[in-house]
$ cat work_20.cif   # mmCIF, C-alpha atoms
data_coords
loop_
_atom_site.label_atom_id
_atom_site.label_comp_id
_atom_site.auth_asym_id
_atom_site.auth_seq_id
_atom_site.Cartn_x
_atom_site.Cartn_y
_atom_site.Cartn_z
CA MET A 1 -16.32 -0.75 -41.95
CA PHE A 2 -16.23 -1.23 -38.19
CA ILE A 3 -19.93 -1.98 -38.28
CA ALA A 4 -19.35 -4.71 -40.84
CA ALA A 5 -16.55 -6.07 -38.64
CA THR A 6 -18.91 -6.10 -35.63
CA LEU A 7 -21.51 -8.02 -37.60
CA ALA A 8 -18.89 -10.52 -38.72
CA ILE A 9 -17.74 -11.01 -35.11
CA LEU A 10 -21.32 -11.56 -33.95
CA ALA A 11 -21.76 -14.17 -36.67
CA THR A 12 -18.58 -15.93 -35.54
CA MET A 13 -19.87 -15.83 -31.96
CA VAL A 14 -22.97 -17.70 -33.10
CA LEU A 15 -20.79 -20.38 -34.70
CA ALA A 16 -18.67 -20.76 -31.54
CA LEU A 17 -21.84 -20.96 -29.44
CA VAL A 18 -23.26 -23.71 -31.64
CA ARG A 19 -20.05 -25.70 -31.25
CA ALA A 20 -20.17 -25.23 -27.47
CA PHE A 21 -23.81 -26.38 -27.37
CA VAL A 22 -23.57 -29.52 -29.46
CA GLY A 23 -20.12 -30.62 -28.37
CA PRO A 24 -19.75 -33.56 -28.63
CA SER A 25 -16.25 -33.98 -27.20
CA VAL A 26 -14.63 -32.12 -24.33
CA TYR A 27 -12.06 -30.54 -26.63
CA ASP A 28 -14.75 -29.06 -28.85
CA ARG A 29 -16.17 -27.28 -25.83
CA ILE A 30 -12.81 -26.05 -24.53
CA LEU A 31 -11.95 -24.76 -27.97
CA ALA A 32 -15.37 -23.14 -28.31
CA VAL A 33 -14.99 -21.32 -24.99
CA ASN A 34 -11.51 -20.16 -25.93
CA ALA A 35 -12.69 -18.97 -29.33
CA PHE A 36 -15.65 -17.25 -27.72
CA GLY A 37 -13.34 -15.43 -25.32
CA THR A 38 -11.27 -14.24 -28.27
CA LYS A 39 -14.43 -13.04 -30.00
CA THR A 40 -15.42 -11.11 -26.87
CA VAL A 41 -12.02 -9.41 -26.86
CA LEU A 42 -12.40 -8.51 -30.54
CA LEU A 43 -15.95 -7.29 -30.04
CA ILE A 44 -14.90 -4.98 -27.20
CA ALA A 45 -11.98 -3.62 -29.22
CA VAL A 46 -14.13 -2.99 -32.33
CA LEU A 47 -16.95 -1.48 -30.29
CA GLY A 48 -14.42 0.96 -28.89
CA TYR A 49 -13.84 2.22 -32.42
CA VAL A 50 -17.53 2.19 -33.36
CA THR A 51 -18.36 4.39 -30.38
CA GLU A 52 -15.19 6.45 -30.98
CA ARG A 53 -13.48 5.59 -27.73
CA PRO A 54 -10.37 3.62 -28.70
CA ASP A 55 -9.27 3.36 -25.02
CA PHE A 56 -11.32 0.18 -24.84
CA ILE A 57 -8.43 -1.54 -26.54
CA ASP A 58 -6.51 -1.62 -23.22
CA VAL A 59 -9.42 -3.40 -21.58
CA ALA A 60 -9.57 -5.83 -24.48
CA LEU A 61 -5.88 -6.66 -24.05
CA VAL A 62 -6.36 -7.52 -20.37
CA TYR A 63 -9.33 -9.72 -21.29
CA ALA A 64 -7.11 -11.57 -23.74
CA LEU A 65 -4.68 -12.32 -20.90
CA ILE A 66 -7.45 -13.61 -18.61
CA ASN A 67 -8.82 -15.76 -21.39
CA PHE A 68 -5.41 -17.31 -21.95
CA VAL A 69 -4.86 -18.06 -18.27
CA GLY A 70 -8.35 -19.55 -17.97
CA THR A 71 -7.80 -21.89 -20.90
CA ILE A 72 -4.45 -23.00 -19.47
CA ALA A 73 -6.16 -23.80 -16.15
CA VAL A 74 -8.87 -25.84 -17.85
CA MET A 75 -6.38 -27.79 -19.98
CA LYS A 76 -4.18 -28.47 -16.97
CA PHE A 77 -7.17 -29.62 -15.02
CA HIS A 78 -8.26 -31.92 -17.79
CA LYS A 79 -4.86 -33.51 -18.06
CA TYR A 80 -4.07 -34.03 -14.37
CA SER A 81 -7.61 -34.06 -12.85
CA SER A 82 -6.44 -31.53 -10.27
CA LEU A 83 -5.10 -28.02 -10.25
CA ALA A 84 -1.97 -28.91 -8.33
CA GLY A 85 -0.11 -30.09 -11.41
CA PRO A 86 1.37 -33.48 -12.21
CA PRO A 87 1.96 -35.98 -9.41
CA ALA A 88 5.52 -35.97 -8.12
CA ASP A 89 6.36 -39.42 -9.48
CA ARG A 90 5.10 -38.71 -12.97
CA ASP A 91 7.61 -38.08 -15.70
CA ASP A 92 6.02 -36.33 -18.62
CA PHE A 93 9.19 -36.30 -20.66
CA ALA A 94 9.96 -40.01 -20.41
CA ASP A 95 9.22 -40.69 -24.05
CA LEU A 96 11.02 -37.70 -25.51
CA MET B 97 -33.28 0.46 -34.18
CA THR B 98 -29.80 1.84 -33.72
CA PHE B 99 -26.67 -0.19 -34.00
CA ASP B 100 -26.13 -0.22 -30.22
CA GLN B 101 -29.57 -1.67 -29.70
CA PHE B 102 -28.85 -4.32 -32.29
CA ILE B 103 -25.69 -5.37 -30.42
CA ASP B 104 -27.60 -5.41 -27.12
CA ILE B 105 -30.32 -7.60 -28.58
CA ALA B 106 -27.80 -9.97 -30.15
CA LEU B 107 -25.81 -10.33 -26.92
CA PHE B 108 -28.97 -10.88 -24.85
CA ALA B 109 -30.15 -13.52 -27.33
CA PHE B 110 -26.80 -15.31 -26.97
CA LEU B 111 -27.16 -15.02 -23.19
CA ALA B 112 -30.61 -16.61 -23.19
CA ALA B 113 -29.49 -19.39 -25.54
CA THR B 114 -26.47 -20.12 -23.33
CA ALA B 115 -28.61 -20.24 -20.20
CA ILE B 116 -31.07 -22.69 -21.77
CA ALA B 117 -28.26 -24.87 -23.08
CA MET B 118 -26.69 -24.85 -19.61
CA LEU B 119 -29.96 -26.04 -18.09
CA ARG B 120 -30.35 -28.85 -20.58
CA ALA B 121 -26.75 -30.08 -20.45
CA ASN B 122 -26.34 -33.42 -18.71
CA SER B 123 -22.58 -33.29 -18.71
CA LEU B 124 -21.50 -31.02 -15.89
CA PHE B 125 -18.22 -30.28 -17.65
CA ALA B 126 -20.21 -28.80 -20.53
CA ALA B 127 -22.26 -26.78 -18.05
CA ALA B 128 -19.09 -25.38 -16.47
CA MET B 129 -17.74 -24.40 -19.89
CA LEU B 130 -21.06 -22.78 -20.80
CA SER B 131 -21.04 -20.79 -17.58
CA GLY B 132 -17.69 -19.38 -18.71
CA ILE B 133 -19.32 -18.26 -21.97
CA PHE B 134 -22.21 -16.80 -19.96
CA SER B 135 -19.77 -14.67 -17.95
CA LEU B 136 -17.98 -13.49 -21.08
CA LEU B 137 -21.32 -12.42 -22.56
CA CYS B 138 -22.17 -10.55 -19.35
CA ALA B 139 -18.78 -8.83 -19.53
CA GLY B 140 -19.51 -7.81 -23.12
CA LEU B 141 -22.88 -6.38 -22.10
CA TYR B 142 -21.34 -4.43 -19.22
CA THR B 143 -18.76 -3.01 -21.61
CA VAL B 144 -21.49 -1.93 -24.02
CA MET B 145 -23.12 -0.14 -21.06
CA ASP B 146 -19.79 1.63 -20.29
CA ALA B 147 -19.27 -0.18 -16.97
CA VAL B 148 -15.78 -1.29 -17.89
CA ASP B 149 -14.67 -1.96 -14.31
CA VAL B 150 -17.67 -4.16 -13.54
CA ALA B 151 -17.10 -5.99 -16.81
CA PHE B 152 -13.50 -6.57 -15.90
CA THR B 153 -14.45 -8.05 -12.51
CA GLU B 154 -17.06 -10.23 -14.19
CA ALA B 155 -14.53 -11.57 -16.67
CA ALA B 156 -11.91 -12.25 -14.00
CA VAL B 157 -14.25 -13.81 -11.42
CA GLY B 158 -16.91 -15.36 -13.63
CA ALA B 159 -14.95 -16.64 -16.58
CA GLY B 160 -11.65 -17.14 -14.79
CA ILE B 161 -11.83 -18.16 -11.14
CA SER B 162 -15.28 -19.69 -10.88
CA THR B 163 -14.82 -21.93 -13.93
CA VAL B 164 -11.67 -23.27 -12.31
CA LEU B 165 -13.52 -23.75 -9.00
CA PHE B 166 -16.35 -25.59 -10.78
CA LEU B 167 -13.83 -27.91 -12.39
CA GLY B 168 -12.12 -28.48 -9.03
CA THR B 169 -15.50 -29.47 -7.59
CA LEU B 170 -16.16 -31.81 -10.50
CA ALA B 171 -12.86 -33.57 -9.78
CA LEU B 172 -14.11 -34.39 -6.28
CA THR B 173 -17.66 -35.35 -7.24
CA SER B 174 -19.37 -36.91 -10.21
CA SER B 175 -19.27 -35.18 -13.56
CA ARG B 176 -22.73 -36.27 -14.71
CA ALA B 177 -25.97 -34.71 -13.57
CA LYS B 178 -28.66 -37.00 -12.20
CA ALA B 179 -31.41 -37.28 -14.78
CA GLN B 180 -34.39 -35.32 -13.49
CA ARG B 181 -37.07 -34.63 -16.02
CA THR B 182 -40.12 -33.98 -13.86
CA ILE B 183 -41.21 -30.38 -13.56
CA HIS B 184 -41.94 -29.01 -10.09
CA TRP B 185 -44.95 -26.84 -10.88
CA PRO B 186 -45.17 -24.78 -7.64
CA ALA B 187 -41.49 -23.89 -7.96
CA LEU B 188 -41.95 -22.89 -11.61
CA PHE B 189 -44.95 -20.77 -10.64
CA MET B 190 -42.94 -19.01 -7.91
CA VAL B 191 -40.10 -18.32 -10.32
CA PHE B 192 -42.48 -16.76 -12.85
CA VAL B 193 -44.18 -14.64 -10.20
CA THR B 194 -40.85 -13.41 -8.82
CA GLY B 195 -39.58 -12.64 -12.31
CA ALA B 196 -42.77 -10.78 -13.21
CA VAL B 197 -42.55 -8.70 -10.01
CA LEU B 198 -38.92 -7.84 -10.74
CA ILE B 199 -39.72 -6.80 -14.32
CA TRP B 200 -42.77 -4.81 -13.13
CA SER B 201 -40.59 -2.97 -10.61
CA THR B 202 -38.25 -1.79 -13.36
CA LEU B 203 -41.07 -0.11 -15.31
CA ASP B 204 -41.02 3.19 -13.43
CA MET B 205 -37.25 3.42 -13.27
CA PRO B 206 -35.59 6.27 -15.19
CA LEU B 207 -34.31 5.42 -18.64
CA TYR B 208 -30.77 4.09 -18.97
CA GLY B 209 -28.33 7.00 -19.28
CA ASP B 210 -30.96 9.63 -18.43
CA PRO B 211 -28.98 12.64 -17.17
CA ASN B 212 -31.92 13.74 -15.00
CA ALA B 213 -32.17 10.44 -13.12
CA PRO B 214 -32.19 10.95 -9.32
CA ILE B 215 -29.03 8.88 -8.88
CA HIS B 216 -27.06 11.50 -10.77
CA HIS B 217 -28.30 14.37 -8.62
CA HIS B 218 -28.45 13.00 -5.09
CA VAL B 219 -24.92 13.93 -3.98
CA ALA B 220 -22.99 13.83 -7.25
CA ASP B 221 -23.60 17.54 -7.99
CA ARG B 222 -21.91 18.54 -4.77
CA TYR B 223 -19.02 16.15 -5.40
CA ILE B 224 -18.45 17.62 -8.85
CA GLU B 225 -18.81 21.28 -7.90
CA ASP B 226 -17.34 21.51 -4.42
CA SER B 227 -14.92 18.63 -3.95
CA ALA B 228 -11.96 20.61 -5.27
CA GLU B 229 -12.40 23.18 -2.49
CA GLU B 230 -13.72 20.90 0.21
CA VAL B 231 -11.18 18.10 -0.15
CA GLY B 232 -8.52 19.09 -2.63
CA PRO B 233 -7.47 16.35 -5.05
CA PRO B 234 -8.30 17.01 -8.69
CA ASN B 235 -9.60 13.43 -9.05
CA ILE B 236 -13.17 13.36 -7.75
CA VAL B 237 -13.16 9.60 -7.19
CA THR B 238 -10.22 10.01 -4.82
CA SER B 239 -12.09 12.66 -2.88
CA VAL B 240 -15.19 10.48 -2.62
CA LEU B 241 -13.33 7.37 -1.49
CA ALA B 242 -10.89 9.04 0.88
CA SER B 243 -13.06 11.75 2.38
CA TYR B 244 -16.80 11.66 1.72
CA ARG B 245 -16.94 7.91 2.14
CA GLY B 246 -13.91 7.67 4.41
CA PHE B 247 -15.52 5.43 7.05
CA ASP B 248 -16.80 3.08 4.38
CA THR B 249 -13.34 2.81 2.85
CA MET B 250 -11.81 2.20 6.28
CA GLY B 251 -14.29 -0.62 6.92
CA GLU B 252 -13.55 -2.15 3.53
CA THR B 253 -9.82 -2.04 4.12
CA THR B 254 -10.32 -3.64 7.53
CA VAL B 255 -12.35 -6.46 6.00
CA ILE B 256 -9.72 -7.15 3.36
CA PHE B 257 -6.92 -6.97 5.93
CA THR B 258 -8.76 -9.39 8.22
CA ALA B 259 -9.41 -11.79 5.35
CA GLY B 260 -5.75 -11.69 4.34
CA MET B 261 -4.58 -12.31 7.90
CA ALA B 262 -7.05 -15.19 8.34
CA VAL B 263 -5.90 -16.86 5.13
CA LEU B 264 -2.27 -16.40 6.14
CA LEU B 265 -2.89 -17.91 9.57
CA LEU B 266 -4.89 -20.85 8.22
CA LEU B 267 -2.47 -21.67 5.42
CA GLY B 268 0.72 -20.68 7.23
CA GLY B 269 0.42 -23.58 9.63
CA PRO B 270 2.21 -24.21 12.90
CA ALA B 271 5.47 -22.46 12.01
CA LEU B 272 3.74 -19.14 11.50
CA MET B 273 1.68 -19.57 14.65
CA ALA B 274 4.63 -20.44 16.88
CA PRO B 275 5.39 -16.88 18.06
CA PHE B 276 1.77 -16.38 19.16
CA ARG B 277 1.61 -19.48 21.35
CA ARG B 278 1.98 -19.30 25.09
CA LYS B 279 4.54 -21.49 26.73
CA GLY B 280 3.32 -24.90 27.82
CA GLU B 281 0.64 -24.87 25.17
CA LYS B 282 2.50 -27.26 22.94
CA GLY B 283 0.77 -28.57 19.86
CA ALA B 284 -2.28 -26.43 20.33
CA GLU B 285 -4.38 -26.14 17.25
CA ALA B 286 -3.91 -23.00 15.25
CA THR B 287 -6.74 -20.65 16.05
CA SER B 288 -9.44 -21.32 13.56
CA GLU B 289 -10.62 -17.93 12.56
CA PRO B 290 -13.48 -17.94 10.15
CA ALA B 291 -11.98 -17.29 6.76
CA LYS B 292 -15.27 -16.19 5.36
CA ALA B 293 -14.68 -12.65 4.30
CA PRO B 294 -17.57 -11.15 2.44
CA SER B 295 -16.45 -10.88 -1.11
CA LYS B 296 -16.06 -7.26 -2.01
CA THR B 297 -15.31 -7.90 -5.63
CA ARG B 298 -18.65 -6.87 -7.01
CA SER B 299 -19.41 -3.97 -4.75
CA GLY B 300 -19.30 -1.61 -7.70
CA LYS B 301 -17.18 0.96 -5.92
CA GLY B 302 -15.60 3.45 -8.23
CA ASP B 303 -18.57 3.60 -10.54
CA THR B 304 -19.28 7.13 -9.57
#
$ encode --input "work_20.cif" --output "structure tokens"
Amino acid sequence: MFIAATLAILATMVLALVRAFVGPSVYDRILAVNAFGTKTVLLIAVLGYVTERPDFIDVALVYALINFVGTIAVMKFHKYSSLAGPPADRDDFADL
Amino acid sequence: MTFDQFIDIALFAFLAATAIAMLRANSLFAAAMLSGIFSLLCAGLYTVMDAVDVAFTEAAVGAGISTVLFLGTLALTSSRAKAQRTIHWPALFMVFVTGAVLIWSTLDMPLYGDPNAPIHHHVADRYIEDSAEEVGPPNIVTSVLASYRGFDTMGETTVIFTAGMAVLLLLGGPALMAPFRRKGEKGAEATSEPAKAPSKTRSGKGDT
């Protein structure tokens, strides 16, 4: 069953890769990278069970955290064009 | 073909496809995103080869920090690559020769995971058998780092300490430097120590 799960994850990786290759928009690529990171986490976790070492699941959890932080950084960068955050005079909640 | 080999082949195929797509991408943003995928694939391969700590460093540095640094660079420069479609044949030739030499040099290496490989018998036997009596701690890695390789660890710690101090002095600014200034030296520039510490992130320590 774990082997079938691994095959399914590899197939999903291919799909995410295709989306990252052809784009066309920036958001497609960001989403593809994020999805690919999730697939890596899943692959590591499932491989831990295939090779009968479930301790890999801790590693997979830390990867999930890194993936999340990375995506946040990219999104923030794309919105503000810098990593410092919004300019001081900008009010993001003006229209709420 | 075992299942492990199948996963290896699949991951390497993804890796090659990602590298080629990265080369052909004109949008540098896409190239930066693809390099993140490349790092994640490398991390997956390292995990399959049981090098979990190396994989973790690869994921943190490759997919995390360097993607962010690439994007920071793109904000300061252009985000499109200059179209360059001519092939530089001597360079291509050199790349192929270098690659062929590297592959040829791996041919007489011991097989992956071979328990009789020289690397596993150079000093590791003595570490495993005698470290409990010679050093003491039940954890062999602790013995190796703190005793057998003590000078190496001391040098490493010194490098990291120096790098931390340099960053603190450079970023801390005048207020932090004030106590170190002699009188009458008003407004002197903060000492510009080189902040280039060799990155120790991929040294592979702790693999033993």
$ resolve_selection --input "work_20.cif" --expression "the PyMOL selection byres ((chain A) within 7 of (chain B))" --output "PyMOL selection string"
chain A and resi 21+29-30+33+36-37+40+44+66+70+73-74+81-82
$ residues_around --input "work_20.cif" --residues "Lys39 (chain A)" --least-positions-apart "3" --cutoff "8 Å" --atoms "all atoms listed in the file" --output "MDAnalysis selection string"
chainID A and resid 9 12:13 35:36 42:43
$ resolve_selection --input "work_20.cif" --expression "the PyMOL selection byres ((chain A and resi 45) around 10)" --output "NGL selection string"
:A and (6 or 39-44 or 46-50 or 53-61)
$ atom_distance --input "work_20.cif" --atom1 "CA of Pro24 (chain A)" --atom2 "CA of Asn122 (chain B)"
11.9 Å
$ residues_around --input "work_20.cif" --residues "Ala242 (chain B)" --least-positions-apart "2" --cutoff "12 Å" --atoms "only C-alpha atoms" --output "list in words"
Ser227, Val231, Gly232, Pro233, Asn235, Ile236, Val237, Thr238, Ser239, Val240, Tyr244, Arg245, Gly246, Phe247, Asp248, Thr249, Met250, Gly251, Glu252, Thr253 and Gly302 of chain B
$ atom_distance --input "work_20.cif" --atom1 "CA of Cys138 (chain B)" --atom2 "CA of Ile105 (chain B)"
12.7 Å
$ build_atoms --input "work_20.cif" --residues "region 112-136 of chain B" --atoms "N, CA, C and O atoms" --output "short mmCIF file (atom, residue, chain, number, x, y, z; two decimals), in the frame of the given file"
data_model
loop_
_atom_site.label_atom_id
_atom_site.label_comp_id
_atom_site.auth_asym_id
_atom_site.auth_seq_id
_atom_site.Cartn_x
_atom_site.Cartn_y
_atom_site.Cartn_z
N ALA B 112 -29.46 -15.73 -23.45
CA ALA B 112 -30.61 -16.61 -23.19
C ALA B 112 -30.34 -18.01 -23.73
O ALA B 112 -30.60 -19.02 -23.06
N ALA B 113 -29.77 -18.08 -24.95
CA ALA B 113 -29.49 -19.39 -25.54
C ALA B 113 -28.49 -20.16 -24.68
O ALA B 113 -28.66 -21.37 -24.44
N THR B 114 -27.47 -19.46 -24.18
CA THR B 114 -26.47 -20.12 -23.33
C THR B 114 -27.11 -20.64 -22.05
O THR B 114 -26.83 -21.77 -21.62
N ALA B 115 -27.99 -19.82 -21.45
CA ALA B 115 -28.61 -20.24 -20.20
C ALA B 115 -29.45 -21.49 -20.41
O ALA B 115 -29.40 -22.44 -19.62
N ILE B 116 -30.22 -21.52 -21.52
CA ILE B 116 -31.07 -22.69 -21.77
C ILE B 116 -30.22 -23.92 -22.03
O ILE B 116 -30.49 -25.01 -21.52
N ALA B 117 -29.13 -23.73 -22.80
CA ALA B 117 -28.26 -24.87 -23.08
C ALA B 117 -27.62 -25.38 -21.80
O ALA B 117 -27.44 -26.59 -21.61
N MET B 118 -27.29 -24.45 -20.88
CA MET B 118 -26.69 -24.85 -19.61
C MET B 118 -27.67 -25.68 -18.81
O MET B 118 -27.29 -26.67 -18.16
N LEU B 119 -28.95 -25.28 -18.82
CA LEU B 119 -29.96 -26.04 -18.09
C LEU B 119 -30.13 -27.44 -18.64
O LEU B 119 -30.33 -28.39 -17.90
N ARG B 120 -30.05 -27.57 -19.96
CA ARG B 120 -30.35 -28.85 -20.58
C ARG B 120 -29.14 -29.77 -20.64
O ARG B 120 -29.29 -30.95 -20.98
N ALA B 121 -27.94 -29.25 -20.31
CA ALA B 121 -26.75 -30.08 -20.45
C ALA B 121 -26.71 -31.12 -19.34
O ALA B 121 -26.91 -30.81 -18.17
N ASN B 122 -26.49 -32.37 -19.70
CA ASN B 122 -26.34 -33.42 -18.71
C ASN B 122 -24.91 -33.54 -18.22
O ASN B 122 -24.67 -33.90 -17.08
N SER B 123 -23.97 -33.24 -19.11
CA SER B 123 -22.58 -33.29 -18.71
C SER B 123 -22.24 -32.01 -17.94
O SER B 123 -22.43 -30.90 -18.45
N LEU B 124 -21.77 -32.20 -16.71
CA LEU B 124 -21.50 -31.02 -15.89
C LEU B 124 -20.28 -30.26 -16.39
O LEU B 124 -20.16 -29.06 -16.17
N PHE B 125 -19.37 -30.97 -17.06
CA PHE B 125 -18.22 -30.28 -17.65
C PHE B 125 -18.70 -29.27 -18.69
O PHE B 125 -18.25 -28.11 -18.71
N ALA B 126 -19.66 -29.72 -19.53
CA ALA B 126 -20.21 -28.80 -20.53
C ALA B 126 -20.87 -27.62 -19.85
O ALA B 126 -20.74 -26.48 -20.30
N ALA B 127 -21.59 -27.88 -18.73
CA ALA B 127 -22.26 -26.78 -18.05
C ALA B 127 -21.25 -25.78 -17.51
O ALA B 127 -21.47 -24.56 -17.59
N ALA B 128 -20.12 -26.30 -16.99
CA ALA B 128 -19.09 -25.38 -16.47
C ALA B 128 -18.52 -24.53 -17.60
O ALA B 128 -18.33 -23.31 -17.45
N MET B 129 -18.27 -25.15 -18.75
CA MET B 129 -17.74 -24.40 -19.89
C MET B 129 -18.75 -23.34 -20.34
O MET B 129 -18.40 -22.20 -20.64
N LEU B 130 -20.04 -23.72 -20.36
CA LEU B 130 -21.06 -22.78 -20.80
C LEU B 130 -21.19 -21.63 -19.83
O LEU B 130 -21.46 -20.49 -20.22
N SER B 131 -20.97 -21.90 -18.52
CA SER B 131 -21.04 -20.79 -17.58
C SER B 131 -19.91 -19.80 -17.83
O SER B 131 -20.06 -18.59 -17.60
N GLY B 132 -18.76 -20.30 -18.32
CA GLY B 132 -17.69 -19.38 -18.71
C GLY B 132 -18.14 -18.48 -19.85
O GLY B 132 -17.89 -17.27 -19.83
N ILE B 133 -18.82 -19.07 -20.85
CA ILE B 133 -19.32 -18.26 -21.97
C ILE B 133 -20.35 -17.24 -21.47
O ILE B 133 -20.36 -16.08 -21.90
N PHE B 134 -21.19 -17.69 -20.54
CA PHE B 134 -22.21 -16.80 -19.96
C PHE B 134 -21.55 -15.56 -19.35
O PHE B 134 -21.97 -14.42 -19.57
N SER B 135 -20.47 -15.80 -18.58
CA SER B 135 -19.77 -14.67 -17.95
C SER B 135 -19.16 -13.75 -18.98
O SER B 135 -19.20 -12.52 -18.84
N LEU B 136 -18.59 -14.34 -20.05
CA LEU B 136 -17.98 -13.49 -21.08
C LEU B 136 -19.04 -12.62 -21.74
O LEU B 136 -18.79 -11.44 -22.04
#
